[in-house]
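For reference, final22.cif is printed below; it contains mmCIF, C-alpha atoms.
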```cif
data_final
loop_
_atom_site.label_atom_id
_atom_site.label_comp_id
_atom_site.auth_asym_id
_atom_site.auth_seq_id
_atom_site.Cartn_x
_atom_site.Cartn_y
_atom_site.Cartn_z
CA MET A 1 0.97 3.27 -10.48
CA GLU A 2 2.58 1.03 -13.08
CA MET A 3 5.63 0.64 -10.85
CA ALA A 4 3.39 -0.36 -7.93
CA LEU A 5 1.77 -2.97 -10.19
CA GLU A 6 5.23 -4.29 -11.11
CA GLU A 7 6.03 -4.63 -7.40
CA ALA A 8 2.71 -6.43 -6.88
CA ARG A 9 3.47 -8.86 -9.71
CA ALA A 10 6.91 -9.57 -8.24
CA ALA A 11 5.37 -10.15 -4.80
CA GLY A 12 2.91 -12.63 -6.30
CA LYS A 13 5.75 -14.52 -7.99
CA ARG A 14 7.43 -14.82 -4.57
CA GLY A 15 4.22 -16.33 -3.16
CA GLU A 16 3.24 -13.14 -1.36
CA VAL A 17 -0.17 -11.52 -1.67
CA PRO A 18 0.36 -9.36 -4.79
CA ILE A 19 0.31 -5.83 -3.45
CA GLY A 20 2.84 -3.18 -4.42
CA ALA A 21 3.65 0.31 -3.16
CA VAL A 22 5.81 3.18 -4.36
CA VAL A 23 6.87 6.38 -2.57
CA VAL A 24 7.40 9.42 -4.79
CA VAL A 25 8.93 12.75 -3.74
CA ASP A 26 9.05 15.70 -6.13
CA GLY A 27 8.24 13.42 -9.07
CA SER A 28 11.07 10.97 -8.33
CA THR A 29 10.67 7.45 -7.04
CA VAL A 30 12.32 7.16 -3.63
CA ALA A 31 11.26 3.63 -2.67
CA ALA A 32 9.25 0.71 -4.00
CA SER A 33 8.27 -2.60 -2.48
CA GLY A 34 5.80 -5.42 -2.61
CA ASN A 35 4.45 -7.44 0.27
CA ARG A 36 7.19 -9.34 2.14
CA THR A 37 5.30 -10.84 5.08
CA ARG A 38 6.11 -14.47 4.24
CA GLU A 39 9.65 -13.80 3.11
CA LEU A 40 10.51 -11.95 6.33
CA ASN A 41 8.13 -13.81 8.66
CA ASP A 42 6.85 -10.39 9.64
CA VAL A 43 3.16 -9.54 9.70
CA THR A 44 4.04 -5.84 9.46
CA ALA A 45 5.96 -6.25 6.18
CA HIS A 46 3.08 -4.99 4.04
CA ALA A 47 4.07 -3.24 0.82
CA GLU A 48 3.15 0.21 2.16
CA ILE A 49 5.15 -0.14 5.36
CA ALA A 50 8.16 -1.63 3.56
CA ALA A 51 8.16 1.25 1.06
CA ILE A 52 7.75 3.85 3.82
CA ARG A 53 10.64 2.32 5.79
CA MET A 54 12.86 2.30 2.70
CA ALA A 55 12.00 5.92 1.87
CA CYS A 56 12.66 7.10 5.43
CA GLU A 57 16.00 5.31 5.46
CA LYS A 58 17.02 6.65 2.06
CA LEU A 59 16.05 10.22 2.97
CA GLY A 60 17.42 10.00 6.51
CA GLN A 61 14.22 11.17 8.17
CA GLU A 62 11.29 9.70 10.07
CA ARG A 63 8.56 11.60 8.26
CA LEU A 64 7.73 11.95 4.60
CA ALA A 65 5.89 15.26 4.38
CA GLY A 66 5.50 16.11 0.70
CA ALA A 67 5.69 12.45 -0.38
CA ASP A 68 3.04 10.64 -2.35
CA LEU A 69 2.30 6.93 -1.96
CA TYR A 70 0.94 4.75 -4.75
CA VAL A 71 -0.42 1.36 -3.69
CA THR A 72 -2.37 -1.26 -5.59
CA LEU A 73 -4.90 -2.02 -2.83
CA GLU A 74 -6.72 0.14 -0.30
CA PRO A 75 -4.54 0.16 2.83
CA CYS A 76 -5.51 -1.78 5.94
CA THR A 77 -5.77 -0.09 9.36
CA MET A 78 -2.11 -0.75 10.20
CA CYS A 79 -0.91 0.73 6.92
CA ALA A 80 -3.34 3.67 7.07
CA ALA A 81 -1.90 4.52 10.48
CA ALA A 82 1.69 4.24 9.19
CA ILE A 83 0.79 6.52 6.27
CA SER A 84 -0.66 9.04 8.71
CA PHE A 85 2.30 8.88 11.10
CA ALA A 86 4.72 9.27 8.17
CA ARG A 87 2.78 12.39 7.14
CA ILE A 88 2.38 11.19 3.55
CA ARG A 89 0.88 14.05 1.52
CA ARG A 90 -1.19 12.06 -0.99
CA LEU A 91 -2.35 8.46 -1.16
CA TYR A 92 -3.25 6.97 -4.53
CA TYR A 93 -4.63 3.45 -4.50
CA GLY A 94 -6.02 0.97 -7.01
CA ALA A 95 -8.64 -1.50 -5.83
CA GLU A 96 -10.94 -1.00 -2.87
CA ASP A 97 -10.83 -3.59 -0.12
CA PRO A 98 -14.32 -3.89 1.40
CA LYS A 99 -13.16 -6.56 3.85
CA GLY A 100 -9.78 -5.29 5.06
CA GLY A 101 -9.51 -1.71 3.82
CA ALA A 102 -9.45 1.14 6.30
CA VAL A 103 -9.51 4.25 4.12
CA ASP A 104 -12.84 4.27 2.30
CA ASN A 105 -14.10 1.07 3.92
CA GLY A 106 -14.00 -0.40 7.41
CA VAL A 107 -12.86 2.01 10.12
CA ARG A 108 -12.23 4.88 7.67
CA PHE A 109 -9.13 5.76 9.62
CA TYR A 110 -8.61 9.26 8.22
CA THR A 111 -12.08 10.43 9.28
CA GLN A 112 -11.55 9.52 12.93
CA PRO A 113 -11.06 12.36 15.43
CA THR A 114 -7.97 10.56 16.78
CA CYS A 115 -6.22 10.70 13.39
CA HIS A 116 -3.44 13.30 13.58
CA HIS A 117 -2.79 13.59 9.83
CA ALA A 118 -4.95 12.62 6.88
CA PRO A 119 -3.43 12.50 3.40
CA GLU A 120 -5.36 13.51 0.34
CA VAL A 121 -6.83 10.25 -0.96
CA TYR A 122 -7.43 9.30 -4.58
CA SER A 123 -8.75 5.86 -5.49
CA GLY A 124 -9.49 3.76 -8.55
CA PHE A 125 -6.10 3.94 -10.28
CA ASN A 126 -5.64 0.75 -12.34
CA GLU A 127 -8.43 -0.65 -10.17
CA THR A 128 -9.42 -3.46 -12.51
CA GLU A 129 -5.86 -4.72 -13.02
CA SER A 130 -5.13 -4.54 -9.29
CA ALA A 131 -8.33 -6.39 -8.36
CA ASP A 132 -7.90 -9.01 -11.10
CA MET A 133 -4.36 -9.76 -9.93
CA LEU A 134 -5.58 -10.35 -6.38
CA ARG A 135 -8.55 -12.46 -7.50
CA ALA A 136 -6.30 -14.65 -9.67
CA PHE A 137 -3.81 -15.10 -6.83
CA PHE A 138 -6.42 -16.21 -4.31
CA SER A 139 -8.27 -18.33 -6.88
CA GLU A 140 -5.05 -20.21 -7.56
CA LYS A 141 -4.48 -20.68 -3.81
CA ARG A 142 -7.99 -22.11 -3.39
CA ASP A 143 -7.45 -24.55 -6.29
CA LEU A 144 -4.33 -26.10 -4.74
CA PRO A 145 -4.78 -29.61 -3.32
#
```

How does this structure look as structure tokens?
Amino acid sequence: MEMALEEARAAGKRGEVPIGAVVVVDGSTVAASGNRTRELNDVTAHAEIAAIRMACEKLGQERLAGADLYVTLEPCTMCAAAISFARIRRLYYGAEDPKGGAVDNGVRFYTQPTCHHAPEVYSGFNETESADMLRAFFSEKRDLP
């Protein structure tokens, strides 16, 4: 999770919402990314999707069965779906997102009968640090003239 936090910090320094994600296979990091939506002018360039894309490219496959994903914030619906379609084995996330999250909040994507694959989900990893980073980022944005 520390590597995901590093990616989140880097994203924040680039002016992106500070969220980071890391894909791990057999104990080795395969891909890591932070949000890149502003940099790429791409609403789908969330940290989770960027890391999944990088991992798939590196491994030369469209699915990541056996992979674990570490992310600093509870994934949104779009990212939860990508995680499902990629067949990620385990999802570890930091802070809950009561407004935009779709795993333990909102639509609870993995509990829906239309969900083809649900990863094992573990939450609360570095939750305080993840949440504080996001709060500080948005507080600073609100304080700008």

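Remark: for Val22 of chain A, the closest of the candidate residues A:Gly34, A:Gly124, A:Pro119, A:Pro113 is A:Gly34 (distances computed over all atoms listed in the file).
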
What residues come out when you apply the PyMOL selection byres ((chain A and resi 137-141) around 12) to this file, written as a ChimeraX atom specification? /A:8-9,11-19,130-136,142-145

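Note that the spacing between atom CA of Gly100 of chain A and atom CA of Glu2 of chain A amounts to 22.8 Å.
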
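Using only C-alpha atoms, the shortest contact distance between Glu6 of chain A and any of A:Gln112, A:Thr29, A:Thr72, A:Thr77 is found at A:Thr72.
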
Selected by the PyMOL selection byres ((chain A and resi 98) around 12) in the shown coordinates: which residues, as an NGL selection string? :A and (73-76 or 95-97 or 99-108 or 131)

Could you name the residues that touch Ala50 of chain A at 12 Å or less, counting all atoms listed in the file, but leaving out those on the same chain fewer than 2 positions away, as a compact mmCIF listing (two decimals) with C-alpha atoms, in the coordinates of the input?
```
# COMPACT_ATOMS: atom_id res chain seq x y z
CA GLU A 7 6.03 -4.63 -7.40
CA ILE A 19 0.31 -5.83 -3.45
CA GLY A 20 2.84 -3.18 -4.42
CA ALA A 21 3.65 0.31 -3.16
CA VAL A 22 5.81 3.18 -4.36
CA VAL A 23 6.87 6.38 -2.57
CA ALA A 31 11.26 3.63 -2.67
CA ALA A 32 9.25 0.71 -4.00
CA SER A 33 8.27 -2.60 -2.48
CA GLY A 34 5.80 -5.42 -2.61
CA ASN A 35 4.45 -7.44 0.27
CA ARG A 36 7.19 -9.34 2.14
CA THR A 37 5.30 -10.84 5.08
CA LEU A 40 10.51 -11.95 6.33
CA ASP A 42 6.85 -10.39 9.64
CA VAL A 43 3.16 -9.54 9.70
CA THR A 44 4.04 -5.84 9.46
CA ALA A 45 5.96 -6.25 6.18
CA HIS A 46 3.08 -4.99 4.04
CA ALA A 47 4.07 -3.24 0.82
CA GLU A 48 3.15 0.21 2.16
CA ILE A 52 7.75 3.85 3.82
CA ARG A 53 10.64 2.32 5.79
CA MET A 54 12.86 2.30 2.70
CA ALA A 55 12.00 5.92 1.87
CA CYS A 56 12.66 7.10 5.43
CA GLU A 57 16.00 5.31 5.46
CA LEU A 69 2.30 6.93 -1.96
CA VAL A 71 -0.42 1.36 -3.69
CA CYS A 79 -0.91 0.73 6.92
CA ALA A 82 1.69 4.24 9.19
CA ILE A 83 0.79 6.52 6.27
```

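Between atom CA of Ala67 of chain A and atom CA of Thr128 of chain A lies a distance of 25.1 Å.
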
Once the PyMOL selection byres ((chain A and resi 118) around 10) has been applied to the shown file, what residues remain in the selection, as an mmCIF file with C-alpha atoms, in the frame of the given file?
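Resulting contents of selection12.cif:
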```cif
data_model
loop_
_atom_site.group_PDB
_atom_site.id
_atom_site.type_symbol
_atom_site.label_atom_id
_atom_site.label_comp_id
_atom_site.auth_asym_id
_atom_site.auth_seq_id
_atom_site.Cartn_x
_atom_site.Cartn_y
_atom_site.Cartn_z
ATOM 1 C CA ALA A 80 -3.340 3.670 7.070
ATOM 2 C CA ALA A 81 -1.900 4.520 10.480
ATOM 3 C CA ILE A 83 0.790 6.520 6.270
ATOM 4 C CA SER A 84 -0.660 9.040 8.710
ATOM 5 C CA PHE A 85 2.300 8.880 11.100
ATOM 6 C CA ARG A 87 2.780 12.390 7.140
ATOM 7 C CA ILE A 88 2.380 11.190 3.550
ATOM 8 C CA ARG A 89 0.880 14.050 1.520
ATOM 9 C CA ARG A 90 -1.190 12.060 -0.990
ATOM 10 C CA LEU A 91 -2.350 8.460 -1.160
ATOM 11 C CA VAL A 103 -9.510 4.250 4.120
ATOM 12 C CA PHE A 109 -9.130 5.760 9.620
ATOM 13 C CA TYR A 110 -8.610 9.260 8.220
ATOM 14 C CA THR A 111 -12.080 10.430 9.280
ATOM 15 C CA GLN A 112 -11.550 9.520 12.930
ATOM 16 C CA CYS A 115 -6.220 10.700 13.390
ATOM 17 C CA HIS A 116 -3.440 13.300 13.580
ATOM 18 C CA HIS A 117 -2.790 13.590 9.830
ATOM 19 C CA PRO A 119 -3.430 12.500 3.400
ATOM 20 C CA GLU A 120 -5.360 13.510 0.340
ATOM 21 C CA VAL A 121 -6.830 10.250 -0.960
#
```

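Taking all atoms listed in the file into account, the residues near (-1.8, 3.7, -12.9), no farther than 8 Å, are Met1, Glu2, Gly94, Phe125 and Asn126 of chain A.
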
Between atom CA of Tyr70 of chain A and atom CA of Thr114 of chain A, measure the distance and give it in Å to one decimal. 24.0 Å
